[in-house]
Structure formats: structure tokens, C-alpha cells
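Here is start.txt, consisting of compact mmCIF, C-alpha atoms and all ligand atoms:
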# COMPACT_ATOMS: atom_id res chain seq x y z
CA MET C 9 49.36 -14.66 1.96
CA ARG C 10 46.28 -12.89 3.28
CA ASP C 11 44.22 -16.10 2.87
CA THR C 12 46.81 -18.08 4.82
CA LEU C 13 46.76 -15.49 7.60
CA ARG C 14 42.96 -15.66 7.68
CA GLN C 15 43.10 -19.48 7.93
CA TYR C 16 45.45 -19.23 10.91
CA GLN C 17 43.25 -16.61 12.56
CA ARG C 18 40.21 -18.84 12.08
CA ALA C 19 42.02 -21.92 13.42
CA LEU C 20 43.03 -19.97 16.55
CA GLY C 21 39.58 -18.37 16.97
CA LEU C 22 41.08 -14.88 16.55
CA ASP C 23 38.53 -13.82 13.94
CA GLU C 24 35.61 -14.49 16.29
CA VAL C 25 33.52 -11.91 18.10
CA ARG C 26 30.65 -12.37 20.55
CA CYS C 27 27.07 -12.04 19.36
CA THR C 28 25.42 -9.01 21.02
CA PHE C 29 22.21 -10.98 21.53
CA CYS C 30 23.16 -14.55 22.59
CA LEU C 31 26.80 -13.80 23.58
CA ARG C 32 28.08 -16.86 21.71
CA PRO C 33 31.31 -16.40 19.69
CA PHE C 34 30.96 -16.34 15.91
CA ALA C 35 32.95 -15.29 12.86
CA PRO C 36 31.28 -12.28 11.16
CA GLN C 37 30.64 -12.68 7.46
CA PRO C 38 29.63 -9.91 5.02
CA LEU C 39 25.90 -9.90 4.33
CA ALA C 40 23.99 -9.51 1.11
CA PRO C 41 21.94 -6.25 0.83
CA PRO C 42 18.53 -7.49 2.07
CA MET C 43 20.08 -8.46 5.42
CA ASP C 44 22.94 -5.97 5.78
CA PHE C 45 21.03 -3.69 8.19
CA LEU C 46 21.09 -6.45 10.83
CA SER C 47 24.65 -5.70 11.87
CA ALA C 48 26.70 -8.60 10.51
CA GLU C 49 29.48 -7.78 12.95
CA LYS C 50 27.15 -7.74 15.98
CA LEU C 51 24.73 -10.64 15.54
CA CYS C 52 25.40 -14.30 14.83
CA PRO C 53 23.47 -15.82 11.88
CA HIS C 54 21.11 -17.66 14.28
CA CYS C 55 20.06 -14.47 16.10
CA ARG C 56 19.75 -12.51 12.88
CA ALA C 57 17.31 -15.09 11.57
CA ARG C 58 15.31 -14.97 14.84
CA LEU C 59 14.94 -11.18 14.68
CA VAL C 60 13.62 -11.06 11.11
CA PRO C 61 9.84 -10.67 11.39
CA ARG C 62 7.31 -12.76 9.52
CA ASN C 63 5.06 -10.93 7.10
CA ILE C 64 1.58 -10.47 8.53
CA ARG C 65 -1.43 -8.50 7.38
CA SER C 66 -1.70 -5.44 9.59
CA CYS C 67 -3.75 -2.26 9.94
CA ARG C 68 -2.17 0.53 7.92
CA CYS C 69 -3.09 3.07 10.60
CA CYS C 70 -1.97 1.37 13.82
CA ALA C 71 -0.10 -1.78 12.64
CA LEU C 72 -2.32 -4.11 14.68
CA PRO C 73 -2.67 -7.54 13.03
CA LEU C 74 -5.91 -7.64 11.03
CA GLU C 75 -8.62 -10.16 11.81
CA GLY C 76 -11.06 -12.07 9.63
CA THR C 77 -12.62 -9.92 6.94
CA GLN C 78 -10.76 -6.69 7.82
CA THR C 79 -8.85 -5.59 4.74
CA HIS C 80 -6.71 -2.48 5.39
CA ILE C 81 -7.89 -0.91 8.65
CA CYS C 82 -8.75 -2.42 12.03
CA GLY C 83 -12.09 -1.85 13.78
CA ARG C 84 -10.81 0.83 16.14
CA CYS C 85 -9.07 2.93 13.46
CA ALA C 86 -12.23 2.77 11.31
CA VAL C 87 -14.16 4.70 13.99
CA ASP C 88 -11.31 6.56 15.74
CA PRO C 89 -8.34 7.11 13.37
CA PRO C 90 -5.00 7.91 15.05
CA PRO C 91 -3.54 11.45 14.86
CA TRP C 92 -0.41 10.42 12.93
CA ASP C 93 -0.03 10.31 9.14
CA ALA C 94 1.91 7.05 8.75
CA VAL C 95 3.19 4.18 10.86
CA ALA C 96 6.14 1.82 10.44
CA VAL C 97 6.75 -1.18 12.68
CA TRP C 98 9.52 -3.75 12.55
CA GLY C 99 7.68 -6.78 14.00
CA LEU C 100 5.32 -8.20 16.58
CA TYR C 101 6.16 -8.04 20.27
CA ARG C 102 6.92 -11.71 20.79
CA ALA C 103 9.69 -14.34 20.75
CA ALA C 104 13.25 -13.03 20.21
CA LEU C 105 12.15 -9.45 19.51
CA ARG C 106 10.21 -9.28 22.80
CA ASP C 107 13.22 -10.75 24.58
CA ALA C 108 15.56 -8.14 23.07
CA LEU C 109 13.24 -5.25 24.01
CA LEU C 110 12.79 -6.49 27.58
CA ARG C 111 16.56 -6.81 27.99
CA LEU C 112 17.08 -3.31 26.64
CA LYS C 113 14.40 -1.76 28.86
CA PHE C 114 14.62 -3.68 32.13
CA ASP C 115 18.19 -5.04 32.13
CA GLY C 116 19.75 -1.91 30.65
CA GLU C 117 21.51 -3.82 27.86
CA LEU C 118 22.17 -0.70 25.82
CA THR C 119 24.39 -2.64 23.41
CA LEU C 120 21.14 -3.97 21.91
CA ALA C 121 19.97 -0.45 21.01
CA PRO C 122 22.08 -0.09 17.83
CA VAL C 123 20.91 -3.52 16.64
CA LEU C 124 17.25 -2.60 17.15
CA ALA C 125 17.88 0.85 15.62
CA GLY C 126 19.03 -1.02 12.50
CA CYS C 127 15.63 -2.76 12.46
CA LEU C 128 13.91 0.64 12.81
CA LEU C 129 15.93 2.07 9.94
CA GLN C 130 14.90 -0.82 7.72
CA ALA C 131 11.23 -0.43 8.76
CA SER C 132 11.38 3.31 8.04
CA ALA C 133 12.20 2.78 4.35
CA CYS C 134 8.49 3.31 3.52
CA LEU C 135 8.35 6.71 5.29
CA PRO C 136 9.09 10.16 3.80
CA ARG C 137 12.33 11.69 5.09
CA PRO C 138 11.71 13.90 8.15
CA ASP C 139 12.97 17.33 9.24
CA ALA C 140 13.68 15.83 12.67
CA ILE C 141 13.42 12.61 14.66
CA LEU C 142 12.71 12.29 18.37
CA ALA C 143 11.75 9.68 20.94
CA VAL C 144 8.60 9.54 23.06
CA PRO C 145 9.99 11.35 26.12
CA GLN C 146 9.90 10.23 29.73
CA HIS C 147 9.21 12.40 32.75
CA PRO C 148 12.47 13.47 34.49
CA ARG C 149 11.46 11.52 37.63
CA HIS C 150 11.02 8.34 35.58
CA LEU C 151 14.31 9.03 33.81
CA CYS C 152 16.11 9.36 37.15
CA ASP C 153 14.66 6.02 38.32
CA ARG C 154 15.72 4.06 35.22
CA GLY C 155 18.77 6.08 34.23
CA PHE C 156 17.96 6.08 30.51
CA ASN C 157 15.06 6.29 28.08
CA GLN C 158 15.14 3.17 25.90
CA ALA C 159 13.27 5.00 23.10
CA HIS C 160 15.91 7.74 23.09
CA GLU C 161 18.67 5.11 22.91
CA LEU C 162 16.95 3.73 19.81
CA VAL C 163 16.61 7.15 18.24
CA ARG C 164 20.30 7.87 18.83
CA GLY C 165 21.15 4.68 16.91
CA LEU C 166 18.76 5.73 14.17
CA GLN C 167 20.37 9.16 13.97
CA LYS C 168 23.83 7.64 13.48
CA GLN C 169 22.87 4.86 11.08
CA GLY C 170 20.42 6.91 9.00
CA ASP C 171 22.19 10.28 9.24
CA LEU C 172 18.96 11.88 10.45
CA PRO C 173 18.56 15.12 12.44
CA LEU C 174 17.79 14.42 16.11
CA ARG C 175 15.75 17.01 18.07
CA PRO C 176 14.87 15.42 21.44
CA GLU C 177 13.94 18.78 23.00
CA LEU C 178 10.89 19.27 20.76
CA LEU C 179 8.63 17.20 23.01
CA GLN C 180 8.72 16.84 26.79
CA LYS C 181 6.81 14.83 29.35
CA VAL C 182 5.72 17.48 31.81
CA ARG C 183 3.46 15.45 34.08
CA HIS C 184 4.40 12.21 35.77
CA THR C 185 1.77 9.56 35.01
CA PRO C 186 1.19 6.28 36.87
CA ALA C 187 2.05 3.01 35.10
CA GLN C 188 -0.38 2.24 32.28
CA ALA C 189 -0.45 -1.56 32.71
CA GLY C 190 -3.86 -2.89 33.74
CA LEU C 191 -5.79 0.23 32.64
CA THR C 192 -8.48 0.21 29.97
CA ALA C 193 -7.87 2.17 26.75
CA GLN C 194 -10.19 4.94 28.00
CA ASP C 195 -8.43 5.15 31.37
CA ARG C 196 -5.03 5.23 29.64
CA ALA C 197 -6.12 8.15 27.45
CA ARG C 198 -7.48 10.01 30.52
CA ASN C 199 -4.31 9.23 32.47
CA LEU C 200 -2.11 10.74 29.73
CA ARG C 201 -4.20 13.78 28.83
CA GLY C 202 -2.04 16.94 28.94
CA SER C 203 1.07 15.05 30.04
CA PHE C 204 3.22 16.17 27.06
CA ALA C 205 4.33 19.64 25.98
CA ALA C 206 5.74 20.51 22.54
CA ARG C 207 8.09 23.38 21.71
CA PRO C 208 6.75 26.06 19.30
CA ASP C 209 9.59 25.17 16.87
CA VAL C 210 7.64 22.09 15.74
CA ARG C 211 5.36 24.35 13.67
CA GLY C 212 5.57 23.25 10.03
CA MET C 213 7.99 20.38 10.72
CA ARG C 214 7.81 16.83 9.37
CA LEU C 215 8.62 14.56 12.30
CA TRP C 216 9.26 10.91 13.09
CA LEU C 217 8.29 9.95 16.63
CA VAL C 218 10.01 6.81 17.85
CA ASP C 219 9.16 4.34 20.61
CA ASP C 220 10.24 0.82 21.53
CA VAL C 221 6.81 -0.85 21.80
CA MET C 222 3.27 0.17 20.87
CA THR C 223 0.68 -1.50 23.09
CA THR C 224 -2.71 0.22 22.93
CA GLY C 225 -1.20 3.22 21.16
CA SER C 226 -2.55 5.61 23.86
CA THR C 227 0.87 7.13 24.63
CA MET C 228 1.66 7.64 20.96
CA ARG C 229 -1.78 9.13 20.33
CA GLU C 230 -1.40 11.68 23.13
CA ALA C 231 2.17 12.59 22.12
CA CYS C 232 1.13 13.04 18.47
CA ARG C 233 -1.98 14.99 19.44
CA CYS C 234 0.26 17.40 21.35
CA LEU C 235 2.68 17.77 18.39
CA LYS C 236 -0.20 18.32 15.95
CA VAL C 237 -1.74 21.00 18.18
CA ALA C 238 1.68 22.71 18.25
CA GLY C 239 1.64 22.79 14.43
CA ALA C 240 3.71 19.79 13.19
CA SER C 241 2.92 19.47 9.48
CA SER C 242 3.30 15.68 9.32
CA LEU C 243 3.90 12.94 11.84
CA CYS C 244 5.19 9.44 11.23
CA VAL C 245 5.28 6.93 14.03
CA LEU C 246 8.11 4.40 14.14
CA VAL C 247 8.21 1.54 16.64
CA VAL C 248 10.26 -1.62 16.94
CA ALA C 249 7.38 -3.87 17.99
CA ARG C 250 3.62 -3.91 18.12
CA THR C 251 1.85 -5.98 20.76
CA PRO C 252 -0.73 -8.18 19.08
CA ARG C 253 -2.95 -7.83 22.18
CA PRO C 254 -2.87 -5.27 25.03
CA GLU C 255 -2.32 -8.02 27.60
CA ASP C 256 1.10 -8.64 26.00
CA ALA C 257 2.22 -5.23 27.23
CA PRO C 258 5.84 -5.08 28.39
CA SER C 259 5.93 -5.29 32.16
CA ALA C 260 8.89 -5.80 34.45
CA PRO C 261 10.11 -9.40 34.17
CA PRO C 262 9.57 -11.55 37.30
CA VAL C 263 12.42 -11.42 39.81
ZN ZN M 1 23.53 -14.85 18.58
ZN ZN M 2 -5.76 0.14 13.39
As C-alpha cells - that is how I would like this structure written.
Ligand SMILES: [Zn+2]
Ligand SMILES: [Zn+2]
Amino acid sequence: MRDTLRQYQRALGLDEVRCTFCLRPFAPQPLAPPMDFLSAEKLCPHCRARLVPRNIRSCRCCALPLEGTQTHICGRCAVDPPPWDAVAVWGLYRAALRDALLRLKFDGELTLAPVLAGCLLQASACLPRPDAILAVPQHPRHLCDRGFNQAHELVRGLQKQGDLPLRPELLQKVRHTPAQAGLTAQDRARNLRGSFAARPDVRGMRLWLVDDVMTTGSTMREACRCLKVAGASSLCVLVVARTPRPEDAPSAPPV
């Protein structure tokens, strides 16, 4: 009886939903465990396949793709290691993943946040469980302009899906900084110096700091430096995408 009902529903298109990413209708099917984090009821099979990253050799400190004879660590991390203890990244900032992140950030498609949070949760499987998770914060003026912090939207999805404690108040952006695009790594670091403030409660805490995209890593470095100075006992950095080159930085799409 139930099978007959399902056949009728399928024939009439009543069992179809729209894919969050491409908006085409599809009939959700249960997924096997390796894929189940990619929201079977939200993404069509085509978009799920496009969002699964390819395995590439990357730096274990900053997740930048390794070149030539580099084995575990990239050239920069060899001379200037980052202030965090571990990094987890879902994929490279290109193709469908880049598209999804641009739509989340610049078009305000917040329905994509839970999908990308599922990717973050999968990427975080290699990290030790934290005492708290938080997003890289934005300055209140920036937040008023955009209306939301895309990293915080991701962390909210992560909190729900991973049942993790969310403490967004632990780190704040206290100085408004000009856009980073077009600046050298040194200028970015100078631009960000002293722009974050951490609450004293972070002392002794194991934290995950979440962002949507890591470009040069300058923002993450400064945020982590601030948390370390305030006494965080361990810091893991979790980002959806890593830009293979700084020039691929996310900028506002052409209008
Ligand atoms: Zn789709
Ligand atoms: Zn590196």
C-alpha cells in the first residue's frame, strides 16, 4: 500500500523538493554514510557531486596546496609557522564551492549555510573536540552594512549539526579595518594588528575558530594570536575553502 502511494506521489511530482544549490526539483534519496553529511534532502545528486572536493596534497599548517618537492609544510609555514595548533579545510576555493560561498556572502543566500556547515562538520572529523566554537567576528559597522556575518551563519549550522557549544562573544572585532583585497601579506598583517579583542574567559579553553574562506591567512593569524595571548590552550582553525593563490580572494561579484 505504501509503495503504491509512493508511486503515485512520484508520478505526480509530489515527492520532489528543490535543490538548495541549483533550485532544480529532485526526489531526495537516503544516502550511504560517506555522503550523508551533504544533506540528502537539500542537494540534488548533481550538486552533491560538484561540492565534494578532490584530494590534493596540502600544507598541514595552512592547507595551501603543496608545490614540487614540498612534502608536509609549505615554504611560508617553514619559516613563519601559524599561531594555531591544527587546521581543517573542506576544499579549494574554486568551481561550485567558490560559487556557493560567493552566493552566501554577497547574495545573502543563507539557505546555503547549513549545507556548507555540513561540509565543515565532515572536515572537522580530524580535530579534537573543543570547549567552544566561534566565528571570525566582524566589526559592528561591517555587520550593519551586510546584515549578517557569513562565518557566524556557518558556525550556527555547525553548532546544530555537531551539537557543539557556541560562544560567539569570546572574540570581537574592535577596530574597523579597510578591505584587505589588493594588499600584500605584510600590509594585511599591519592593517589587522590589534583589531581583535578576546574575553578573559578564553583562558585554558580549547577552541575552534571558523571562517568561510582562508586567503592569505592574515585574518586568521591575527585572530588566533589574540586568542593565544588571552590564554586559549589550543586553537583549531576550520574553514570551508582555501584559496590556492591570494589573487583568487573572494571579492564582490561584478554587477
Ligand atoms: Zn542541484
Ligand atoms: Zn603552509
May I have the residues within 10 Å of ligand ZN 1 (chain M), computed using all atoms listed in the file, as a PyMOL selection string?
chain C and resi 26-34+50-58
May I have the protein, DNA and RNA residues with an atom at most 10 Å from (-1.1, 13.8, 20.4), counting all atoms listed in the file in the file's coordinates, returned as a PyMOL selection string?
chain C and resi 90-92+200-206+226-238+243
Keeping C-alpha atoms for every residue in the selection just given, could you write it to a file as a short mmCIF file (atom, residue, chain, number, x, y, z; two decimals), in the coordinates of the input?
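Generated output (selection08.cif):
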data_model
loop_
_atom_site.label_atom_id
_atom_site.label_comp_id
_atom_site.auth_asym_id
_atom_site.auth_seq_id
_atom_site.Cartn_x
_atom_site.Cartn_y
_atom_site.Cartn_z
CA PRO C 90 -5.00 7.91 15.05
CA PRO C 91 -3.54 11.45 14.86
CA TRP C 92 -0.41 10.42 12.93
CA LEU C 200 -2.11 10.74 29.73
CA ARG C 201 -4.20 13.78 28.83
CA GLY C 202 -2.04 16.94 28.94
CA SER C 203 1.07 15.05 30.04
CA PHE C 204 3.22 16.17 27.06
CA ALA C 205 4.33 19.64 25.98
CA ALA C 206 5.74 20.51 22.54
CA SER C 226 -2.55 5.61 23.86
CA THR C 227 0.87 7.13 24.63
CA MET C 228 1.66 7.64 20.96
CA ARG C 229 -1.78 9.13 20.33
CA GLU C 230 -1.40 11.68 23.13
CA ALA C 231 2.17 12.59 22.12
CA CYS C 232 1.13 13.04 18.47
CA ARG C 233 -1.98 14.99 19.44
CA CYS C 234 0.26 17.40 21.35
CA LEU C 235 2.68 17.77 18.39
CA LYS C 236 -0.20 18.32 15.95
CA VAL C 237 -1.74 21.00 18.18
CA ALA C 238 1.68 22.71 18.25
CA LEU C 243 3.90 12.94 11.84
#
Hey, which residues come within 7 Å of ligand ZN 2 (chain M) if we count all atoms listed in the file? Could you give them as number ranges by chain?
C: 67-72, 81-85
To one decimal in Å, tell me the separation between atom CA of C:Val245 and atom CA of C:Asp219.
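Here the two named atoms are 8.1 Å from each other.
For stretch 157-161 of chain C, the non-local neighbours within 7 Å, defined as residues at least 6 positions apart in the same chain or in other chains and counting all atoms listed in the file, are Leu112, Lys113, Ala121, Ala143, Val144, Gln146, Leu151, Val218, Asp219 and Asp220 of chain C.
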In Å and to one decimal, atom CA of C:Gln15 is distant from atom CA of C:Pro38 by 16.8 Å
Length of the atom CA of C:Val210 to atom CA of C:Arg149 vector [Å]
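Atom-to-atom, atom CA of C:Val210 and atom CA of C:Arg149 are spaced 24.6 Å apart.
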Near-C:Met222 list (7 Å; only C-alpha atoms; drop same-chain fewer than 6 positions) as a list in words
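Near C:Met222, the qualifying residues are Val247, Ala249, Arg250 and Thr251 of chain C.
For the residues C:Leu74, C:Leu105, C:Leu100, C:Leu166, ranking by smallest atom-to-atom distance to C:Gln130 using all atoms listed in the file places C:Leu166 first.
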For a quick check of understanding, using only C-alpha atoms, which of C:Arg198, C:Arg65, C:Arg137, C:Arg207 has the smallest distance to C:Pro176?
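Ranking C:Arg198, C:Arg65, C:Arg137, C:Arg207 by distance to C:Pro176, first place goes to C:Arg207.
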Residue among C:Leu217, C:Lys181, C:His147, C:Gly99 lying closest to C:Ile64, counting only C-alpha atoms:
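Smallest distance to C:Ile64 is found for C:Gly99.
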Pick from C:Ala140, C:Ala197, C:Ala240, C:Val123: nearest to C:Thr185, with only C-alpha atoms counted?
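Of all the options, C:Ala197 lies closest to C:Thr185.
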Counting only C-alpha atoms, which of C:Ser241, C:Gln17, C:Ser132, C:Gln194 gets nearest to C:Gln169?
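Among the listed residues, the smallest separation from C:Gln169 belongs to C:Ser132.
Each of C:His80, C:Phe156, C:Thr192, C:Ala96 was compared to C:Gly116 using all atoms listed in the file, and C:Phe156 turns out to be the nearest.
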